[in-house]
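Data first, discussion second: the structure below is written as structure tokens.
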Amino acid sequence: MSVVRLAAESRDSHLTLRRTERQQRLVEILGAAAEPAPSSLLARELGVGLRTVERDLARLRESGVPIDSVPGPHGGSRLPRNATPDPVPLTFEEIAAVIASLAALGPTATRSSASAMRALLQAIAPR
């Protein structure tokens, strides 16, 4: 049996991609949850350990994502959100930046990323 060994840079890129996909999913889970989600539940849903979820939550908070921590026996993390998000006016350059980020993630990695890619491409398509 042959073992494929990835170069350190390739492994790091792969781990970064997995983390990015997981953090996107984490934001989606928190945004859809009616109640605060305990980290143990998030870890189970994402198939990772508790420390990984806590690091991901910290990274998202450091990036400006407004994730609240609710203490107590029924506490957890939550992402306050509008039921109907406001439109986000973006310049062509900003749309290009998001398209490039989605392309790096894999534009079909999740249903939401595929939908976002379609919407962004439609927004810049000639009429």
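If you're wondering about the labels, chains in the structure tokens are A, B, ... by order shown, residues count from 1 in each chain, ligands from 1 in order shown.
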Taking 5 positions as the minimum chain separation for residues in the same chain, which residues sit within 10 Å of stretch 48-60 of chain A when counting only C-alpha atoms? Answer as a PyMOL selection string. chain A and resi 19-20+22-24+26-27+38-43+65-69+77
Can I get the selection written as a PDB file, in the first residue's frame, with N, CA and C atoms?
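Output contents, as saved in result_14.pdb:
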```
ATOM      1  N   ARG A  19     -11.008  24.268   7.388  1.00  0.00           N
ATOM      2  CA  ARG A  19     -11.407  25.202   8.434  1.00  0.00           C
ATOM      3  C   ARG A  19     -12.392  26.230   7.873  1.00  0.00           C
ATOM      4  N   THR A  20     -12.130  26.722   6.679  1.00  0.00           N
ATOM      5  CA  THR A  20     -13.004  27.711   6.053  1.00  0.00           C
ATOM      6  C   THR A  20     -14.392  27.118   5.814  1.00  0.00           C
ATOM      7  N   ARG A  22     -15.745  24.625   7.426  1.00  0.00           N
ATOM      8  CA  ARG A  22     -16.335  24.372   8.738  1.00  0.00           C
ATOM      9  C   ARG A  22     -16.855  25.681   9.336  1.00  0.00           C
ATOM     10  N   GLN A  23     -16.098  26.761   9.195  1.00  0.00           N
ATOM     11  CA  GLN A  23     -16.537  28.038   9.754  1.00  0.00           C
ATOM     12  C   GLN A  23     -17.750  28.572   9.011  1.00  0.00           C
ATOM     13  N   GLN A  24     -17.810  28.348   7.711  1.00  0.00           N
ATOM     14  CA  GLN A  24     -19.005  28.745   6.968  1.00  0.00           C
ATOM     15  C   GLN A  24     -20.209  27.975   7.486  1.00  0.00           C
ATOM     16  N   LEU A  26     -20.549  26.644  10.403  1.00  0.00           N
ATOM     17  CA  LEU A  26     -20.801  27.097  11.763  1.00  0.00           C
ATOM     18  C   LEU A  26     -21.662  28.361  11.765  1.00  0.00           C
ATOM     19  N   VAL A  27     -21.340  29.317  10.913  1.00  0.00           N
ATOM     20  CA  VAL A  27     -22.148  30.541  10.806  1.00  0.00           C
ATOM     21  C   VAL A  27     -23.562  30.194  10.352  1.00  0.00           C
ATOM     22  N   PRO A  38     -25.089  24.915  22.238  1.00  0.00           N
ATOM     23  CA  PRO A  38     -23.915  24.549  23.037  1.00  0.00           C
ATOM     24  C   PRO A  38     -22.772  24.090  22.142  1.00  0.00           C
ATOM     25  N   SER A  39     -21.551  24.368  22.553  1.00  0.00           N
ATOM     26  CA  SER A  39     -20.383  23.972  21.760  1.00  0.00           C
ATOM     27  C   SER A  39     -20.328  22.469  21.536  1.00  0.00           C
ATOM     28  N   SER A  40     -20.802  21.685  22.513  1.00  0.00           N
ATOM     29  CA  SER A  40     -20.794  20.226  22.350  1.00  0.00           C
ATOM     30  C   SER A  40     -21.709  19.807  21.200  1.00  0.00           C
ATOM     31  N   LEU A  41     -22.850  20.459  21.046  1.00  0.00           N
ATOM     32  CA  LEU A  41     -23.755  20.169  19.932  1.00  0.00           C
ATOM     33  C   LEU A  41     -23.125  20.582  18.609  1.00  0.00           C
ATOM     34  N   LEU A  42     -22.503  21.756  18.586  1.00  0.00           N
ATOM     35  CA  LEU A  42     -21.837  22.221  17.369  1.00  0.00           C
ATOM     36  C   LEU A  42     -20.729  21.260  16.965  1.00  0.00           C
ATOM     37  N   ALA A  43     -19.962  20.778  17.940  1.00  0.00           N
ATOM     38  CA  ALA A  43     -18.875  19.837  17.656  1.00  0.00           C
ATOM     39  C   ALA A  43     -19.430  18.562  17.027  1.00  0.00           C
ATOM     40  N   VAL A  65     -17.452  38.713  13.312  1.00  0.00           N
ATOM     41  CA  VAL A  65     -18.765  38.064  13.297  1.00  0.00           C
ATOM     42  C   VAL A  65     -19.354  38.207  14.707  1.00  0.00           C
ATOM     43  N   PRO A  66     -20.564  38.782  14.820  1.00  0.00           N
ATOM     44  CA  PRO A  66     -21.121  39.083  16.143  1.00  0.00           C
ATOM     45  C   PRO A  66     -21.741  37.865  16.839  1.00  0.00           C
ATOM     46  N   ILE A  67     -20.923  36.902  17.190  1.00  0.00           N
ATOM     47  CA  ILE A  67     -21.404  35.698  17.866  1.00  0.00           C
ATOM     48  C   ILE A  67     -21.469  35.994  19.360  1.00  0.00           C
ATOM     49  N   ASP A  68     -22.660  35.807  19.927  1.00  0.00           N
ATOM     50  CA  ASP A  68     -22.863  36.015  21.359  1.00  0.00           C
ATOM     51  C   ASP A  68     -22.632  34.712  22.110  1.00  0.00           C
ATOM     52  N   SER A  69     -22.133  34.833  23.335  1.00  0.00           N
ATOM     53  CA  SER A  69     -22.028  33.699  24.254  1.00  0.00           C
ATOM     54  C   SER A  69     -23.089  33.883  25.317  1.00  0.00           C
ATOM     55  N   SER A  77     -23.755  29.387  22.039  1.00  0.00           N
ATOM     56  CA  SER A  77     -23.427  30.476  21.112  1.00  0.00           C
ATOM     57  C   SER A  77     -24.623  30.754  20.235  1.00  0.00           C
TER      58      SER A  77
END
```
Which of chain A end up as helix (DSSP H, G or I) when DSSP is run on this backbone - answer as an mmCIF file with N, CA and C atoms, in the first residue's frame?
```cif
data_model
loop_
_atom_site.group_PDB
_atom_site.id
_atom_site.type_symbol
_atom_site.label_atom_id
_atom_site.label_comp_id
_atom_site.auth_asym_id
_atom_site.auth_seq_id
_atom_site.Cartn_x
_atom_site.Cartn_y
_atom_site.Cartn_z
ATOM 1 N N ALA A 8 4.208 20.158 3.068
ATOM 2 C CA ALA A 8 3.701 20.952 4.195
ATOM 3 C C ALA A 8 2.778 22.063 3.711
ATOM 4 N N GLU A 9 3.162 22.737 2.649
ATOM 5 C CA GLU A 9 2.335 23.829 2.123
ATOM 6 C C GLU A 9 0.985 23.302 1.665
ATOM 7 N N SER A 10 0.982 22.145 0.999
ATOM 8 C CA SER A 10 -0.255 21.543 0.520
ATOM 9 C C SER A 10 -1.139 21.131 1.689
ATOM 10 N N ARG A 11 -0.530 20.526 2.719
ATOM 11 C CA ARG A 11 -1.297 20.143 3.911
ATOM 12 C C ARG A 11 -1.905 21.373 4.562
ATOM 13 N N ASP A 12 -1.108 22.433 4.694
ATOM 14 C CA ASP A 12 -1.602 23.661 5.310
ATOM 15 C C ASP A 12 -2.759 24.232 4.507
ATOM 16 N N SER A 13 -2.654 24.224 3.193
ATOM 17 C CA SER A 13 -3.729 24.730 2.341
ATOM 18 C C SER A 13 -4.987 23.892 2.516
ATOM 19 N N HIS A 14 -4.813 22.583 2.587
ATOM 20 C CA HIS A 14 -5.953 21.689 2.758
ATOM 21 C C HIS A 14 -6.623 21.934 4.112
ATOM 22 N N LEU A 15 -5.827 22.090 5.156
ATOM 23 C CA LEU A 15 -6.383 22.347 6.487
ATOM 24 C C LEU A 15 -7.093 23.689 6.537
ATOM 25 N N THR A 16 -6.532 24.681 5.869
ATOM 26 C CA THR A 16 -7.166 26.001 5.814
ATOM 27 C C THR A 16 -8.502 25.908 5.099
ATOM 28 N N LEU A 17 -8.548 25.161 4.016
ATOM 29 C CA LEU A 17 -9.791 24.983 3.267
ATOM 30 C C LEU A 17 -10.835 24.291 4.131
ATOM 31 N N ARG A 18 -10.455 23.236 4.829
ATOM 32 C CA ARG A 18 -11.395 22.528 5.707
ATOM 33 C C ARG A 18 -11.899 23.461 6.810
ATOM 34 N N ARG A 19 -11.008 24.268 7.388
ATOM 35 C CA ARG A 19 -11.407 25.202 8.434
ATOM 36 C C ARG A 19 -12.392 26.230 7.873
ATOM 37 N N THR A 20 -12.130 26.722 6.679
ATOM 38 C CA THR A 20 -13.004 27.711 6.053
ATOM 39 C C THR A 20 -14.392 27.118 5.814
ATOM 40 N N GLU A 21 -14.450 25.905 5.289
ATOM 41 C CA GLU A 21 -15.742 25.237 5.073
ATOM 42 C C GLU A 21 -16.470 25.044 6.401
ATOM 43 N N ARG A 22 -15.745 24.625 7.426
ATOM 44 C CA ARG A 22 -16.335 24.372 8.738
ATOM 45 C C ARG A 22 -16.855 25.681 9.336
ATOM 46 N N GLN A 23 -16.098 26.761 9.195
ATOM 47 C CA GLN A 23 -16.537 28.038 9.754
ATOM 48 C C GLN A 23 -17.750 28.572 9.011
ATOM 49 N N GLN A 24 -17.810 28.348 7.711
ATOM 50 C CA GLN A 24 -19.005 28.745 6.968
ATOM 51 C C GLN A 24 -20.209 27.975 7.486
ATOM 52 N N ARG A 25 -20.043 26.688 7.657
ATOM 53 C CA ARG A 25 -21.135 25.849 8.173
ATOM 54 C C ARG A 25 -21.525 26.284 9.584
ATOM 55 N N LEU A 26 -20.549 26.644 10.403
ATOM 56 C CA LEU A 26 -20.801 27.097 11.763
ATOM 57 C C LEU A 26 -21.662 28.361 11.765
ATOM 58 N N VAL A 27 -21.340 29.317 10.913
ATOM 59 C CA VAL A 27 -22.148 30.541 10.806
ATOM 60 C C VAL A 27 -23.562 30.194 10.352
ATOM 61 N N GLU A 28 -23.689 29.277 9.403
ATOM 62 C CA GLU A 28 -25.017 28.872 8.924
ATOM 63 C C GLU A 28 -25.828 28.215 10.035
ATOM 64 N N ILE A 29 -25.199 27.329 10.816
ATOM 65 C CA ILE A 29 -25.895 26.652 11.913
ATOM 66 C C ILE A 29 -26.356 27.665 12.954
ATOM 67 N N LEU A 30 -25.453 28.554 13.346
ATOM 68 C CA LEU A 30 -25.804 29.550 14.361
ATOM 69 C C LEU A 30 -26.886 30.499 13.862
ATOM 70 N N GLY A 31 -26.829 30.851 12.593
ATOM 71 C CA GLY A 31 -27.833 31.749 12.029
ATOM 72 C C GLY A 31 -29.208 31.113 11.937
ATOM 73 N N ALA A 32 -29.257 29.791 11.801
ATOM 74 C CA ALA A 32 -30.531 29.085 11.668
ATOM 75 C C ALA A 32 -31.113 28.658 13.015
ATOM 76 N N SER A 39 -21.551 24.368 22.553
ATOM 77 C CA SER A 39 -20.383 23.972 21.760
ATOM 78 C C SER A 39 -20.328 22.469 21.536
ATOM 79 N N SER A 40 -20.802 21.685 22.513
ATOM 80 C CA SER A 40 -20.794 20.226 22.350
ATOM 81 C C SER A 40 -21.709 19.807 21.200
ATOM 82 N N LEU A 41 -22.850 20.459 21.046
ATOM 83 C CA LEU A 41 -23.755 20.169 19.932
ATOM 84 C C LEU A 41 -23.125 20.582 18.609
ATOM 85 N N LEU A 42 -22.503 21.756 18.586
ATOM 86 C CA LEU A 42 -21.837 22.221 17.369
ATOM 87 C C LEU A 42 -20.729 21.260 16.965
ATOM 88 N N ALA A 43 -19.962 20.778 17.940
ATOM 89 C CA ALA A 43 -18.875 19.837 17.656
ATOM 90 C C ALA A 43 -19.430 18.562 17.027
ATOM 91 N N ARG A 44 -20.532 18.049 17.584
ATOM 92 C CA ARG A 44 -21.138 16.833 17.011
ATOM 93 C C ARG A 44 -21.617 17.079 15.579
ATOM 94 N N GLU A 45 -22.297 18.204 15.363
ATOM 95 C CA GLU A 45 -22.830 18.498 14.024
ATOM 96 C C GLU A 45 -21.716 18.673 12.993
ATOM 97 N N LEU A 46 -20.592 19.220 13.425
ATOM 98 C CA LEU A 46 -19.481 19.469 12.511
ATOM 99 C C LEU A 46 -18.503 18.303 12.438
ATOM 100 N N LEU A 50 -14.424 19.548 20.648
ATOM 101 C CA LEU A 50 -14.879 20.752 21.329
ATOM 102 C C LEU A 50 -13.879 21.901 21.195
ATOM 103 N N ARG A 51 -12.587 21.606 21.346
ATOM 104 C CA ARG A 51 -11.560 22.660 21.226
ATOM 105 C C ARG A 51 -11.540 23.263 19.820
ATOM 106 N N THR A 52 -11.789 22.448 18.806
ATOM 107 C CA THR A 52 -11.823 22.956 17.431
ATOM 108 C C THR A 52 -12.972 23.939 17.271
ATOM 109 N N VAL A 53 -14.135 23.593 17.809
ATOM 110 C CA VAL A 53 -15.291 24.502 17.726
ATOM 111 C C VAL A 53 -14.984 25.804 18.462
ATOM 112 N N GLU A 54 -14.393 25.697 19.653
ATOM 113 C CA GLU A 54 -14.076 26.904 20.419
ATOM 114 C C GLU A 54 -13.075 27.786 19.666
ATOM 115 N N ARG A 55 -12.078 27.179 19.021
ATOM 116 C CA ARG A 55 -11.112 27.967 18.227
ATOM 117 C C ARG A 55 -11.804 28.621 17.034
ATOM 118 N N ASP A 56 -12.694 27.876 16.374
ATOM 119 C CA ASP A 56 -13.419 28.444 15.232
ATOM 120 C C ASP A 56 -14.298 29.609 15.666
ATOM 121 N N LEU A 57 -14.989 29.462 16.786
ATOM 122 C CA LEU A 57 -15.823 30.557 17.294
ATOM 123 C C LEU A 57 -14.965 31.779 17.598
ATOM 124 N N ALA A 58 -13.804 31.557 18.217
ATOM 125 C CA ALA A 58 -12.899 32.671 18.531
ATOM 126 C C ALA A 58 -12.412 33.350 17.255
ATOM 127 N N ARG A 59 -12.037 32.572 16.245
ATOM 128 C CA ARG A 59 -11.568 33.161 14.969
ATOM 129 C C ARG A 59 -12.672 33.988 14.320
ATOM 130 N N LEU A 60 -13.889 33.463 14.330
ATOM 131 C CA LEU A 60 -15.004 34.192 13.734
ATOM 132 C C LEU A 60 -15.265 35.497 14.487
ATOM 133 N N ARG A 61 -15.232 35.436 15.820
ATOM 134 C CA ARG A 61 -15.422 36.664 16.608
ATOM 135 C C ARG A 61 -14.325 37.677 16.308
ATOM 136 N N GLU A 62 -13.071 37.202 16.239
ATOM 137 C CA GLU A 62 -11.945 38.096 15.936
ATOM 138 C C GLU A 62 -12.089 38.714 14.551
ATOM 139 N N PHE A 92 -18.051 46.383 -7.997
ATOM 140 C CA PHE A 92 -17.554 45.287 -8.832
ATOM 141 C C PHE A 92 -16.338 44.642 -8.180
ATOM 142 N N GLU A 93 -15.446 45.466 -7.646
ATOM 143 C CA GLU A 93 -14.221 44.949 -7.020
ATOM 144 C C GLU A 93 -14.534 44.095 -5.791
ATOM 145 N N GLU A 94 -15.527 44.515 -5.018
ATOM 146 C CA GLU A 94 -15.921 43.728 -3.840
ATOM 147 C C GLU A 94 -16.549 42.403 -4.257
ATOM 148 N N ILE A 95 -17.361 42.438 -5.309
ATOM 149 C CA ILE A 95 -17.944 41.199 -5.835
ATOM 150 C C ILE A 95 -16.830 40.272 -6.320
ATOM 151 N N ALA A 96 -15.846 40.836 -6.998
ATOM 152 C CA ALA A 96 -14.719 40.029 -7.482
ATOM 153 C C ALA A 96 -13.980 39.369 -6.316
ATOM 154 N N ALA A 97 -13.814 40.100 -5.211
ATOM 155 C CA ALA A 97 -13.128 39.546 -4.037
ATOM 156 C C ALA A 97 -13.915 38.370 -3.454
ATOM 157 N N VAL A 98 -15.230 38.499 -3.384
ATOM 158 C CA VAL A 98 -16.050 37.417 -2.838
ATOM 159 C C VAL A 98 -16.056 36.228 -3.796
ATOM 160 N N ILE A 99 -16.118 36.485 -5.095
ATOM 161 C CA ILE A 99 -16.060 35.391 -6.086
ATOM 162 C C ILE A 99 -14.751 34.631 -5.938
ATOM 163 N N ALA A 100 -13.644 35.352 -5.800
ATOM 164 C CA ALA A 100 -12.345 34.693 -5.647
ATOM 165 C C ALA A 100 -12.305 33.852 -4.372
ATOM 166 N N SER A 101 -12.882 34.368 -3.295
ATOM 167 C CA SER A 101 -12.924 33.609 -2.037
ATOM 168 C C SER A 101 -13.766 32.353 -2.191
ATOM 169 N N LEU A 102 -14.913 32.475 -2.848
ATOM 170 C CA LEU A 102 -15.752 31.298 -3.077
ATOM 171 C C LEU A 102 -15.063 30.286 -3.986
ATOM 172 N N ALA A 103 -14.347 30.787 -4.974
ATOM 173 C CA ALA A 103 -13.624 29.881 -5.870
ATOM 174 C C ALA A 103 -12.565 29.099 -5.102
ATOM 175 N N ALA A 104 -11.898 29.760 -4.145
ATOM 176 C CA ALA A 104 -10.893 29.083 -3.331
ATOM 177 C C ALA A 104 -11.542 28.046 -2.425
ATOM 178 N N LEU A 105 -12.710 28.363 -1.879
ATOM 179 C CA LEU A 105 -13.433 27.438 -1.018
ATOM 180 C C LEU A 105 -13.937 26.250 -1.825
ATOM 181 N N ARG A 111 -24.504 24.191 -0.482
ATOM 182 C CA ARG A 111 -25.591 24.773 -1.275
ATOM 183 C C ARG A 111 -25.547 26.293 -1.214
ATOM 184 N N SER A 112 -25.243 26.827 -0.032
ATOM 185 C CA SER A 112 -25.229 28.284 0.095
ATOM 186 C C SER A 112 -24.084 28.911 -0.695
ATOM 187 N N SER A 113 -22.918 28.240 -0.743
ATOM 188 C CA SER A 113 -21.816 28.810 -1.529
ATOM 189 C C SER A 113 -22.134 28.738 -3.019
ATOM 190 N N ALA A 114 -22.783 27.674 -3.463
ATOM 191 C CA ALA A 114 -23.173 27.570 -4.876
ATOM 192 C C ALA A 114 -24.201 28.645 -5.226
ATOM 193 N N SER A 115 -25.157 28.851 -4.329
ATOM 194 C CA SER A 115 -26.179 29.878 -4.542
ATOM 195 C C SER A 115 -25.564 31.273 -4.554
ATOM 196 N N ALA A 116 -24.634 31.509 -3.632
ATOM 197 C CA ALA A 116 -23.963 32.810 -3.587
ATOM 198 C C ALA A 116 -23.171 33.060 -4.863
ATOM 199 N N MET A 117 -22.473 32.036 -5.338
ATOM 200 C CA MET A 117 -21.686 32.188 -6.571
ATOM 201 C C MET A 117 -22.601 32.526 -7.741
ATOM 202 N N ARG A 118 -23.735 31.833 -7.851
ATOM 203 C CA ARG A 118 -24.679 32.129 -8.946
ATOM 204 C C ARG A 118 -25.168 33.583 -8.864
ATOM 205 N N ALA A 119 -25.522 34.026 -7.656
ATOM 206 C CA ALA A 119 -26.028 35.393 -7.477
ATOM 207 C C ALA A 119 -24.965 36.428 -7.820
ATOM 208 N N LEU A 120 -23.726 36.175 -7.399
ATOM 209 C CA LEU A 120 -22.641 37.122 -7.689
ATOM 210 C C LEU A 120 -22.342 37.189 -9.180
ATOM 211 N N LEU A 121 -22.301 36.028 -9.823
ATOM 212 C CA LEU A 121 -22.044 36.016 -11.267
ATOM 213 C C LEU A 121 -23.168 36.684 -12.033
ATOM 214 N N GLN A 122 -24.395 36.477 -11.581
ATOM 215 C CA GLN A 122 -25.539 37.124 -12.217
ATOM 216 C C GLN A 122 -25.473 38.645 -12.045
ATOM 217 N N ALA A 123 -24.992 39.091 -10.885
ATOM 218 C CA ALA A 123 -24.904 40.523 -10.602
ATOM 219 C C ALA A 123 -23.922 41.236 -11.530
ATOM 220 N N ILE A 124 -22.890 40.531 -11.987
ATOM 221 C CA ILE A 124 -21.893 41.191 -12.854
ATOM 222 C C ILE A 124 -22.051 40.831 -14.311
#
```
Could you go through stretch 33-89 of chain A and tell me which residues DSSP, when run on the backbone, assigns to strand (DSSP E or B), listing them as a PyMOL selection string? chain A and resi 37+68-70+76-78
For those residues, write C-alpha atoms to a file as a PDB file, in the first residue's frame.
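And here's selection07.pdb as it stands now:
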```pdb
ATOM      1  CA  ALA A  37     -26.236  26.236  20.521  1.00  0.00           C
ATOM      2  CA  ASP A  68     -22.863  36.015  21.359  1.00  0.00           C
ATOM      3  CA  SER A  69     -22.028  33.699  24.254  1.00  0.00           C
ATOM      4  CA  VAL A  70     -25.003  32.921  26.460  1.00  0.00           C
ATOM      5  CA  GLY A  76     -24.299  28.393  24.137  1.00  0.00           C
ATOM      6  CA  SER A  77     -23.427  30.476  21.112  1.00  0.00           C
ATOM      7  CA  ARG A  78     -25.846  32.384  18.960  1.00  0.00           C
TER       8      ARG A  78
END
```
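In this model, the gap between atom CA of A:Pro71 and atom CA of A:Pro36 comes to 9.5 Å.
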As an exercise, work out the distance from atom CA of A:Ser63 to atom CA of A:Arg81 in Å and give it to one decimal place. 16.6 Å
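Across A:Ala125, A:Ala109, A:Leu79, A:Leu90, the tightest approach to A:Glu35 is made by A:Leu79 when counting only C-alpha atoms.
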